[in-house]
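To start, the structure under review is shown below, and the notes come after it.
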Amino acid sequence: MFNTSPDSASSHALTAYGWDDGWADAFAPYAAQDLMPGRVLRVDRGLCDLVTPLGTVRADTELVTPRDPMRIVCTGDWAAVDAEGDPRYVRTLLPRRTALVRSTSSKRSDGQVLAANADHAVIAVSLAAELDLGRVERFTALAWESGAQPLLVLTKADLVPDPDTLGHLVSDTETAAPGVRVLPVSSATGEGLEELGALLAPGTSVLLGQSGAGKSTLANALVGAAVQDVRTIRDSDGKGRHTTTTRDLLPLPSGGVLIDTPGLRGVGMWDAEGGVAQAFAEIEELAERCRFPDCAHEVEPGCAVLAAIDDGSLPERRLESYRKLLRENERLAARTDARLRAEMRRDWKQRQALGRHMMERKRGPMRKP
């Protein structure tokens with residue numbers, strides 16, 4: 001049996017991967033079943049690699065593959081896995097502390113978990129292209145909703161040699177993400193890397209961003225080795241190619257671990273009302289001072305939000321972005337409700353059919369007159 005008591009958590013073989021007293025308590029029932037704890041390093045076609053007290057093992061996820069995509073094994077998950085056997089199986093997942101979720105597509109209402117149990121959500125934004133503040137706000141809302149602490153990293157800062165210009169870009173990003181640390185970094189010159197490493201250690205960090213944002217290069221710089229393949233961006237449009245195709249959990253030399261993710265072309269909101277509210281905290285605060293509690297901030301008298309736009313303290317672009325994300329989240333909620341209603345109708349029909357079948361069996365075969 002593996003010793004996973006809270007008293008031993010500080011010296012546990014998995015401490016470097018985030019194991020602590022809380023995880024030890026959560027795992028205790030499974031330790032008595034001769035299972036061992038493991039953290040998922042990557043998932044690939046129904047199999048996953050986990051780091052365990054015995055080292056890295058390969059395990060089948062078939063026994064914990066549910067219909068709900070939100071409960072599928074994901075990089076960063078903590079699991080109870082067979083201590084021996086061929087093949088090994090993941091038997092259960094420990095409850096997640098945080099989960100970074102986006103909608104799977106514009107036509108479905110399912111959520112997709114990008115990473116689990118992250119303490120920091122590092123949003124990489126490339127300075128090689130025009131700064132897209134709307135995308136910054138979208139990623140920030142996604143990060144806040146996950147339960148992780150967002151951190152905005154402006155990559156390729158060496159491409160902006162003028163300090164004043166760089167300062168303006170940092171200031172604009174801070175305006176789009178109030179309460180979030182914004183740090184310019186350069187993997188080429190090393191600018192900001194030491195500070196970033198210190199901010200991420202200890203803990204689990206997930207690296208997010210579009211293709212071409214420099215995530216893989218940044219991951220290599222933080223890890224101190226060429227662990228991720230790197231490709232150049234396209235000259236035609238300045239966009240990157242998908243280099244990272246899986247979500248990998250990588251140990252950092254300064255402490256903690258990093259989950260690198262593939263480039264995200266689309267980041268749809270999924271049940272992210274709280275994240276949107278936190279990403280636009282100043283608008284939420286202004287709304288509390290509106291004359292009417294159900295103010296839509298459009299033409300209503302006594303609207304504190306519109307007053308802030310009139311006096312220039314709130315950019316109109318910011319309000320439009322806020323409205324856009326809320327509308328998107330509301331549309332998804334409506335689709336989710338419709339899906340749940342359809343599932344309830346389907347289950348009801350199945351139970352009804354089963355009831356008729358059991359009643360016919362109880363009555364027995366019909367006799368001919």
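Residue numbering restarts at 1 for every chain of the structure tokens, chains are lettered A, B, ... in their displayed order, and ligands are numbered from 1 as they appear.
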Per residue of region 80-128 of chain A within 8 Å of region 28-52 of chain A, which atom pair is closest and at what distance in Å (one decimal), using only C-alpha atoms, listed by chain and increasing number, as a tab-separated table?
residue	atom	partner	partner_atom	distance
A:Ala80	CA	A:Pro37	CA	4.9
A:Val81	CA	A:Met36	CA	5.5
A:Asp82	CA	A:Leu35	CA	5.2
A:Ala83	CA	A:Leu35	CA	5.5
Those residues with N, CA, C and O atoms, as a PDB file, in the first residue's frame please?
ATOM      1  N   ALA A  80      -6.456   7.755  -9.546  1.00  0.00           N
ATOM      2  CA  ALA A  80      -6.096   6.512  -8.866  1.00  0.00           C
ATOM      3  C   ALA A  80      -5.891   5.474  -9.958  1.00  0.00           C
ATOM      4  O   ALA A  80      -6.792   5.223 -10.766  1.00  0.00           O
ATOM      5  N   VAL A  81      -4.713   4.860  -9.985  1.00  0.00           N
ATOM      6  CA  VAL A  81      -4.343   3.972 -11.081  1.00  0.00           C
ATOM      7  C   VAL A  81      -3.816   2.656 -10.515  1.00  0.00           C
ATOM      8  O   VAL A  81      -3.327   2.599  -9.379  1.00  0.00           O
ATOM      9  N   ASP A  82      -3.936   1.587 -11.299  1.00  0.00           N
ATOM     10  CA  ASP A  82      -3.420   0.285 -10.868  1.00  0.00           C
ATOM     11  C   ASP A  82      -1.935   0.383 -10.539  1.00  0.00           C
ATOM     12  O   ASP A  82      -1.155   0.966 -11.306  1.00  0.00           O
ATOM     13  N   ALA A  83      -1.545  -0.234  -9.421  1.00  0.00           N
ATOM     14  CA  ALA A  83      -0.134  -0.237  -9.033  1.00  0.00           C
ATOM     15  C   ALA A  83       0.662  -1.234  -9.858  1.00  0.00           C
ATOM     16  O   ALA A  83       1.885  -1.121  -9.984  1.00  0.00           O
TER      17      ALA A  83
END
Out of region 82-271 of chain A, which residues get helix (DSSP H, G or I) from DSSP, as a short mmCIF file (atom, residue, chain, number, x, y, z; two decimals) with N, CA and C atoms, in the first residue's frame?
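Contents of selection20.cif, as written:
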data_model
loop_
_atom_site.label_atom_id
_atom_site.label_comp_id
_atom_site.auth_asym_id
_atom_site.auth_seq_id
_atom_site.Cartn_x
_atom_site.Cartn_y
_atom_site.Cartn_z
N LEU A 133 -7.26 43.42 -28.33
CA LEU A 133 -7.73 43.53 -26.96
C LEU A 133 -8.99 42.70 -26.72
N GLY A 134 -9.82 42.54 -27.74
CA GLY A 134 -11.00 41.70 -27.59
C GLY A 134 -10.63 40.26 -27.29
N ARG A 135 -9.59 39.77 -27.94
CA ARG A 135 -9.13 38.40 -27.68
C ARG A 135 -8.50 38.30 -26.30
N VAL A 136 -7.80 39.36 -25.89
CA VAL A 136 -7.25 39.38 -24.54
C VAL A 136 -8.37 39.24 -23.51
N GLU A 137 -9.45 39.98 -23.71
CA GLU A 137 -10.58 39.92 -22.78
C GLU A 137 -11.23 38.55 -22.77
N ARG A 138 -11.34 37.94 -23.94
CA ARG A 138 -11.94 36.61 -24.05
C ARG A 138 -11.12 35.58 -23.28
N PHE A 139 -9.82 35.56 -23.51
CA PHE A 139 -8.95 34.61 -22.81
C PHE A 139 -8.96 34.88 -21.30
N THR A 140 -9.00 36.15 -20.92
CA THR A 140 -9.00 36.48 -19.50
C THR A 140 -10.26 35.99 -18.81
N ALA A 141 -11.41 36.16 -19.48
CA ALA A 141 -12.67 35.66 -18.92
C ALA A 141 -12.63 34.14 -18.77
N LEU A 142 -12.09 33.47 -19.78
CA LEU A 142 -11.95 32.01 -19.73
C LEU A 142 -11.08 31.60 -18.53
N ALA A 143 -9.99 32.33 -18.31
CA ALA A 143 -9.08 32.02 -17.21
C ALA A 143 -9.73 32.25 -15.86
N TRP A 144 -10.40 33.40 -15.69
CA TRP A 144 -11.07 33.68 -14.41
C TRP A 144 -12.10 32.62 -14.10
N GLU A 145 -12.87 32.21 -15.09
CA GLU A 145 -13.92 31.22 -14.87
C GLU A 145 -13.36 29.89 -14.41
N SER A 146 -12.15 29.57 -14.84
CA SER A 146 -11.55 28.28 -14.49
C SER A 146 -11.22 28.15 -13.01
N ALA A 157 8.83 40.42 -27.05
CA ALA A 157 9.00 41.83 -26.69
C ALA A 157 10.22 42.44 -27.36
N ASP A 158 11.16 41.61 -27.81
CA ASP A 158 12.35 42.13 -28.50
C ASP A 158 12.00 42.77 -29.83
N LEU A 159 10.80 42.48 -30.36
CA LEU A 159 10.37 43.09 -31.62
C LEU A 159 9.84 44.51 -31.43
N PRO A 163 11.12 51.64 -25.75
CA PRO A 163 10.51 51.46 -24.42
C PRO A 163 9.15 52.14 -24.28
N ASP A 164 8.99 53.32 -24.89
CA ASP A 164 7.71 54.03 -24.78
C ASP A 164 6.59 53.25 -25.47
N THR A 165 6.89 52.73 -26.66
CA THR A 165 5.89 51.95 -27.39
C THR A 165 5.52 50.70 -26.61
N LEU A 166 6.53 50.02 -26.06
CA LEU A 166 6.27 48.82 -25.28
C LEU A 166 5.42 49.16 -24.04
N GLY A 167 5.74 50.30 -23.42
CA GLY A 167 4.97 50.72 -22.25
C GLY A 167 3.51 50.98 -22.58
N HIS A 168 3.25 51.57 -23.76
CA HIS A 168 1.87 51.81 -24.18
C HIS A 168 1.12 50.49 -24.40
N LEU A 169 1.81 49.51 -24.99
CA LEU A 169 1.19 48.21 -25.23
C LEU A 169 0.85 47.51 -23.92
N VAL A 170 1.75 47.61 -22.96
CA VAL A 170 1.50 47.02 -21.65
C VAL A 170 0.31 47.72 -20.99
N SER A 171 0.28 49.05 -21.09
CA SER A 171 -0.80 49.83 -20.49
C SER A 171 -2.15 49.49 -21.12
N ASP A 172 -2.19 49.35 -22.46
CA ASP A 172 -3.43 49.00 -23.15
C ASP A 172 -3.93 47.62 -22.71
N THR A 173 -2.99 46.69 -22.55
CA THR A 173 -3.36 45.33 -22.13
C THR A 173 -3.88 45.34 -20.70
N GLU A 174 -3.26 46.13 -19.84
CA GLU A 174 -3.72 46.23 -18.45
C GLU A 174 -5.13 46.80 -18.38
N THR A 175 -5.44 47.74 -19.28
CA THR A 175 -6.79 48.31 -19.31
C THR A 175 -7.81 47.26 -19.72
N ALA A 176 -7.41 46.34 -20.60
CA ALA A 176 -8.32 45.29 -21.06
C ALA A 176 -8.42 44.14 -20.07
N LEU A 193 12.00 36.45 -18.39
CA LEU A 193 11.86 35.02 -18.15
C LEU A 193 12.10 34.64 -16.69
N GLU A 194 13.11 35.26 -16.07
CA GLU A 194 13.39 34.94 -14.67
C GLU A 194 12.23 35.35 -13.77
N GLU A 195 11.68 36.52 -14.04
CA GLU A 195 10.55 36.99 -13.25
C GLU A 195 9.33 36.09 -13.46
N LEU A 196 9.10 35.68 -14.71
CA LEU A 196 7.98 34.80 -15.01
C LEU A 196 8.13 33.46 -14.30
N GLY A 197 9.33 32.90 -14.34
CA GLY A 197 9.58 31.63 -13.67
C GLY A 197 9.31 31.71 -12.19
N ALA A 198 9.68 32.83 -11.58
CA ALA A 198 9.45 33.02 -10.14
C ALA A 198 7.96 33.12 -9.84
N LEU A 199 7.20 33.75 -10.74
CA LEU A 199 5.75 33.89 -10.52
C LEU A 199 5.03 32.55 -10.61
N LEU A 200 5.58 31.64 -11.42
CA LEU A 200 4.90 30.37 -11.66
C LEU A 200 5.28 29.29 -10.65
N LYS A 215 4.15 30.20 -27.80
CA LYS A 215 3.97 29.37 -26.61
C LYS A 215 5.03 28.28 -26.50
N SER A 216 5.27 27.56 -27.60
CA SER A 216 6.24 26.47 -27.55
C SER A 216 7.65 26.99 -27.27
N THR A 217 8.01 28.12 -27.88
CA THR A 217 9.31 28.72 -27.61
C THR A 217 9.41 29.15 -26.15
N LEU A 218 8.32 29.71 -25.63
CA LEU A 218 8.30 30.13 -24.24
C LEU A 218 8.39 28.93 -23.31
N ALA A 219 7.68 27.86 -23.66
CA ALA A 219 7.75 26.64 -22.84
C ALA A 219 9.17 26.10 -22.80
N ASN A 220 9.84 26.07 -23.94
CA ASN A 220 11.23 25.60 -23.98
C ASN A 220 12.13 26.47 -23.11
N ALA A 221 11.91 27.79 -23.17
CA ALA A 221 12.75 28.71 -22.39
C ALA A 221 12.52 28.51 -20.89
N LEU A 222 11.28 28.28 -20.49
CA LEU A 222 10.97 28.09 -19.07
C LEU A 222 11.49 26.75 -18.57
N VAL A 223 11.36 25.71 -19.39
CA VAL A 223 11.81 24.38 -18.99
C VAL A 223 13.33 24.28 -19.05
#
Could you tell me which of A:Leu264, A:Leu93, A:Leu249, A:Ala279 comes closest to Gln149 (chain A) if we count only C-alpha atoms?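 Of A:Leu264, A:Leu93, A:Leu249, A:Ala279, the one nearest Gln149 (chain A), counting only C-alpha atoms, is A:Ala279.
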Which residues come within 10 Å of Ala277 (chain A), counting only C-alpha atoms, excluding same-chain residues fewer than 5 positions away, as a ChimeraX atom specification? /A:141,144-145,272,282-285,322,325-326
Export, as a PDB file, in the first residue's frame, the selected residues with N, CA, C and O atoms.
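Result written to out-v5.pdb:
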ATOM      1  N   ALA A 141     -11.414  36.158 -19.478  1.00  0.00           N
ATOM      2  CA  ALA A 141     -12.669  35.658 -18.923  1.00  0.00           C
ATOM      3  C   ALA A 141     -12.632  34.144 -18.769  1.00  0.00           C
ATOM      4  O   ALA A 141     -13.081  33.586 -17.759  1.00  0.00           O
ATOM      5  N   TRP A 144     -10.405  33.399 -15.693  1.00  0.00           N
ATOM      6  CA  TRP A 144     -11.065  33.676 -14.413  1.00  0.00           C
ATOM      7  C   TRP A 144     -12.100  32.616 -14.101  1.00  0.00           C
ATOM      8  O   TRP A 144     -12.230  32.166 -12.952  1.00  0.00           O
ATOM      9  N   GLU A 145     -12.867  32.210 -15.095  1.00  0.00           N
ATOM     10  CA  GLU A 145     -13.925  31.223 -14.872  1.00  0.00           C
ATOM     11  C   GLU A 145     -13.355  29.885 -14.412  1.00  0.00           C
ATOM     12  O   GLU A 145     -14.006  29.145 -13.671  1.00  0.00           O
ATOM     13  N   ALA A 272     -19.644  30.723 -18.608  1.00  0.00           N
ATOM     14  CA  ALA A 272     -18.571  31.591 -18.103  1.00  0.00           C
ATOM     15  C   ALA A 272     -19.086  32.938 -17.617  1.00  0.00           C
ATOM     16  O   ALA A 272     -18.353  33.925 -17.662  1.00  0.00           O
ATOM     17  N   GLU A 282     -14.919  46.365 -13.560  1.00  0.00           N
ATOM     18  CA  GLU A 282     -15.258  47.773 -13.417  1.00  0.00           C
ATOM     19  C   GLU A 282     -16.653  48.077 -13.954  1.00  0.00           C
ATOM     20  O   GLU A 282     -17.366  48.941 -13.433  1.00  0.00           O
ATOM     21  N   ILE A 283     -17.086  47.339 -14.999  1.00  0.00           N
ATOM     22  CA  ILE A 283     -18.439  47.525 -15.523  1.00  0.00           C
ATOM     23  C   ILE A 283     -19.460  46.976 -14.534  1.00  0.00           C
ATOM     24  O   ILE A 283     -20.512  47.590 -14.297  1.00  0.00           O
ATOM     25  N   GLU A 284     -19.159  45.841 -13.944  1.00  0.00           N
ATOM     26  CA  GLU A 284     -20.051  45.266 -12.937  1.00  0.00           C
ATOM     27  C   GLU A 284     -20.195  46.215 -11.747  1.00  0.00           C
ATOM     28  O   GLU A 284     -21.295  46.376 -11.195  1.00  0.00           O
ATOM     29  N   GLU A 285     -19.098  46.844 -11.369  1.00  0.00           N
ATOM     30  CA  GLU A 285     -19.139  47.781 -10.243  1.00  0.00           C
ATOM     31  C   GLU A 285     -19.963  49.023 -10.597  1.00  0.00           C
ATOM     32  O   GLU A 285     -20.762  49.508  -9.789  1.00  0.00           O
ATOM     33  N   TYR A 322     -17.874  43.456 -23.606  1.00  0.00           N
ATOM     34  CA  TYR A 322     -18.613  42.877 -22.469  1.00  0.00           C
ATOM     35  C   TYR A 322     -19.963  42.330 -22.933  1.00  0.00           C
ATOM     36  O   TYR A 322     -20.344  41.201 -22.615  1.00  0.00           O
ATOM     37  N   LEU A 325     -19.559  39.068 -25.150  1.00  0.00           N
ATOM     38  CA  LEU A 325     -19.272  37.838 -24.425  1.00  0.00           C
ATOM     39  C   LEU A 325     -20.486  37.369 -23.624  1.00  0.00           C
ATOM     40  O   LEU A 325     -20.739  36.165 -23.520  1.00  0.00           O
ATOM     41  N   LEU A 326     -21.243  38.309 -23.058  1.00  0.00           N
ATOM     42  CA  LEU A 326     -22.448  37.922 -22.330  1.00  0.00           C
ATOM     43  C   LEU A 326     -23.480  37.298 -23.271  1.00  0.00           C
ATOM     44  O   LEU A 326     -24.118  36.296 -22.936  1.00  0.00           O
TER      45      LEU A 326
END
Excluding Arg327 (chain A) and any residue of its chain fewer than 2 positions from it, enumerate the residues within 12 Å of it, using only C-alpha atoms, and give them as number ranges by chain. A: 268-273, 276, 320-325, 329-334
State, in Å with one decimal place, the distance from CA of Gly76 (chain A) to CA of Gln210 (chain A).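 Computed distance, CA of Gly76 (chain A) to CA of Gln210 (chain A), equals 20.5 Å.
Residues in contact range of Gly255 (chain A), defined as at most 7 Å between only C-alpha atoms, with sequence neighbours fewer than 2 positions away removed, read A:Ala201, A:Pro202, A:Leu252, A:Pro253, A:Val257.
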Restricting the output to N, CA, C and O atoms, write the selected residues as a PDB file, in the first residue's frame.
ATOM      1  N   ALA A 201       6.335  29.516  -9.881  1.00  0.00           N
ATOM      2  CA  ALA A 201       6.795  28.498  -8.936  1.00  0.00           C
ATOM      3  C   ALA A 201       6.429  28.901  -7.516  1.00  0.00           C
ATOM      4  O   ALA A 201       6.672  30.055  -7.116  1.00  0.00           O
ATOM      5  N   PRO A 202       5.925  27.981  -6.700  1.00  0.00           N
ATOM      6  CA  PRO A 202       5.495  26.641  -7.113  1.00  0.00           C
ATOM      7  C   PRO A 202       4.073  26.684  -7.642  1.00  0.00           C
ATOM      8  O   PRO A 202       3.415  27.719  -7.591  1.00  0.00           O
ATOM      9  N   LEU A 252       9.128  22.263 -14.235  1.00  0.00           N
ATOM     10  CA  LEU A 252       9.955  23.455 -14.394  1.00  0.00           C
ATOM     11  C   LEU A 252      11.141  23.403 -13.433  1.00  0.00           C
ATOM     12  O   LEU A 252      10.987  23.008 -12.273  1.00  0.00           O
ATOM     13  N   PRO A 253      12.330  23.799 -13.888  1.00  0.00           N
ATOM     14  CA  PRO A 253      13.508  23.747 -13.012  1.00  0.00           C
ATOM     15  C   PRO A 253      13.399  24.668 -11.807  1.00  0.00           C
ATOM     16  O   PRO A 253      13.997  24.405 -10.765  1.00  0.00           O
ATOM     17  N   VAL A 257       5.015  22.991 -12.296  1.00  0.00           N
ATOM     18  CA  VAL A 257       4.876  22.319 -13.581  1.00  0.00           C
ATOM     19  C   VAL A 257       4.088  23.213 -14.535  1.00  0.00           C
ATOM     20  O   VAL A 257       3.328  24.095 -14.114  1.00  0.00           O
TER      21      VAL A 257
END
Counting only C-alpha atoms, what is within 6 Å of region 123-127 of chain A, bar same-chain residues fewer than 4 positions away, as a list in words?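 Those residues are Leu152, Val153, Leu154, Thr155, Lys156, Leu208, Gly209 and Ala213 of chain A.
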Selected residues written out, all heavy atoms, as a tab-separated table (two decimals), in the first residue's frame:
chain	number	residue	atom	x	y	z
A	152	LEU	N	-1.01	37.62	-17.96
A	152	LEU	CA	-0.84	37.95	-19.38
A	152	LEU	C	0.64	38.15	-19.69
A	152	LEU	O	1.31	38.96	-19.04
A	152	LEU	CB	-1.63	39.20	-19.74
A	152	LEU	CG	-3.11	38.94	-20.04
A	152	LEU	CD1	-3.94	40.19	-19.81
A	152	LEU	CD2	-3.28	38.44	-21.47
A	153	VAL	N	1.13	37.41	-20.67
A	153	VAL	CA	2.53	37.49	-21.07
A	153	VAL	C	2.59	37.99	-22.50
A	153	VAL	O	2.07	37.36	-23.42
A	153	VAL	CB	3.21	36.11	-20.96
A	153	VAL	CG1	4.62	36.17	-21.50
A	153	VAL	CG2	3.22	35.63	-19.51
A	154	LEU	N	3.20	39.16	-22.69
A	154	LEU	CA	3.38	39.71	-24.03
A	154	LEU	C	4.69	39.17	-24.58
A	154	LEU	O	5.78	39.61	-24.20
A	154	LEU	CB	3.40	41.24	-23.96
A	154	LEU	CG	2.15	41.90	-23.36
A	154	LEU	CD1	2.27	43.42	-23.41
A	154	LEU	CD2	0.88	41.43	-24.04
A	155	THR	N	4.58	38.18	-25.47
A	155	THR	CA	5.77	37.50	-26.00
A	155	THR	C	6.41	38.31	-27.13
A	155	THR	O	5.80	39.22	-27.69
A	155	THR	CB	5.40	36.11	-26.51
A	155	THR	OG1	4.48	36.22	-27.60
A	155	THR	CG2	4.77	35.27	-25.40
A	156	LYS	N	7.63	37.94	-27.46
A	156	LYS	CA	8.40	38.56	-28.55
A	156	LYS	C	8.58	40.06	-28.32
A	156	LYS	O	8.51	40.88	-29.25
A	156	LYS	CB	7.73	38.29	-29.90
A	156	LYS	CG	7.44	36.79	-30.12
A	156	LYS	CD	6.80	36.50	-31.46
A	156	LYS	CE	6.45	35.02	-31.56
A	156	LYS	NZ	5.85	34.66	-32.86
A	208	LEU	N	-1.66	29.29	-22.53
A	208	LEU	CA	-2.73	29.45	-23.51
A	208	LEU	C	-2.34	30.49	-24.55
A	208	LEU	O	-1.52	31.35	-24.29
A	208	LEU	CB	-4.03	29.90	-22.83
A	208	LEU	CG	-4.55	29.06	-21.68
A	208	LEU	CD1	-5.65	29.82	-20.96
A	208	LEU	CD2	-5.07	27.73	-22.19
A	209	GLY	N	-2.99	30.42	-25.70
A	209	GLY	CA	-2.76	31.44	-26.72
A	209	GLY	C	-3.01	30.91	-28.11
A	209	GLY	O	-3.20	29.71	-28.32
A	213	ALA	N	1.76	32.52	-31.18
A	213	ALA	CA	1.97	33.42	-30.04
A	213	ALA	C	3.31	33.18	-29.35
A	213	ALA	O	3.68	33.94	-28.46
A	213	ALA	CB	0.84	33.28	-29.04
Need to verify the contact set: region 65-74 of chain A, 7 Å, only C-alpha atoms, exclusion of same-chain residues closer than 3 positions in sequence. Can you return it as a PDB file with N, CA, C and O atoms, in the first residue's frame?
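Saved file result12.pdb follows:
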ATOM      1  N   VAL A  40      -1.776  13.033 -14.495  1.00  0.00           N
ATOM      2  CA  VAL A  40      -1.796  12.820 -15.942  1.00  0.00           C
ATOM      3  C   VAL A  40      -0.858  13.817 -16.629  1.00  0.00           C
ATOM      4  O   VAL A  40      -1.029  15.030 -16.506  1.00  0.00           O
ATOM      5  N   VAL A  43      -2.608  12.846 -22.652  1.00  0.00           N
ATOM      6  CA  VAL A  43      -3.637  11.890 -23.044  1.00  0.00           C
ATOM      7  C   VAL A  43      -3.544  11.676 -24.540  1.00  0.00           C
ATOM      8  O   VAL A  43      -3.378  12.631 -25.303  1.00  0.00           O
ATOM      9  N   THR A  61      -7.612   4.491 -20.196  1.00  0.00           N
ATOM     10  CA  THR A  61      -8.648   5.323 -19.568  1.00  0.00           C
ATOM     11  C   THR A  61     -10.054   4.790 -19.818  1.00  0.00           C
ATOM     12  O   THR A  61     -11.036   5.450 -19.489  1.00  0.00           O
ATOM     13  N   GLU A  62     -10.155   3.583 -20.363  1.00  0.00           N
ATOM     14  CA  GLU A  62     -11.452   3.048 -20.775  1.00  0.00           C
ATOM     15  C   GLU A  62     -12.456   2.988 -19.623  1.00  0.00           C
ATOM     16  O   GLU A  62     -13.644   3.259 -19.817  1.00  0.00           O
ATOM     17  N   ASP A  77      -5.023  16.181 -14.517  1.00  0.00           N
ATOM     18  CA  ASP A  77      -5.867  15.441 -13.580  1.00  0.00           C
ATOM     19  C   ASP A  77      -5.018  14.622 -12.615  1.00  0.00           C
ATOM     20  O   ASP A  77      -3.928  14.147 -12.963  1.00  0.00           O
ATOM     21  N   GLY A 111     -18.963  21.271 -23.292  1.00  0.00           N
ATOM     22  CA  GLY A 111     -17.733  21.931 -22.891  1.00  0.00           C
ATOM     23  C   GLY A 111     -16.543  21.018 -23.094  1.00  0.00           C
ATOM     24  O   GLY A 111     -16.666  19.784 -23.023  1.00  0.00           O
ATOM     25  N   GLN A 112     -15.397  21.587 -23.358  1.00  0.00           N
ATOM     26  CA  GLN A 112     -14.146  20.840 -23.517  1.00  0.00           C
ATOM     27  C   GLN A 112     -13.159  21.315 -22.465  1.00  0.00           C
ATOM     28  O   GLN A 112     -12.841  22.501 -22.399  1.00  0.00           O
ATOM     29  N   VAL A 113     -12.677  20.388 -21.650  1.00  0.00           N
ATOM     30  CA  VAL A 113     -11.701  20.728 -20.623  1.00  0.00           C
ATOM     31  C   VAL A 113     -10.313  20.744 -21.257  1.00  0.00           C
ATOM     32  O   VAL A 113      -9.836  19.740 -21.790  1.00  0.00           O
ATOM     33  N   ALA A 115      -7.442  21.871 -19.566  1.00  0.00           N
ATOM     34  CA  ALA A 115      -6.444  21.531 -18.554  1.00  0.00           C
ATOM     35  C   ALA A 115      -7.121  21.506 -17.199  1.00  0.00           C
ATOM     36  O   ALA A 115      -8.097  22.222 -16.963  1.00  0.00           O
ATOM     37  N   ALA A 116      -6.604  20.661 -16.309  1.00  0.00           N
ATOM     38  CA  ALA A 116      -7.212  20.507 -14.987  1.00  0.00           C
ATOM     39  C   ALA A 116      -6.223  20.862 -13.891  1.00  0.00           C
ATOM     40  O   ALA A 116      -5.008  20.665 -14.037  1.00  0.00           O
TER      41      ALA A 116
END
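CA of Gly18 (chain A) is found 12.0 Å from CA of Arg97 (chain A).
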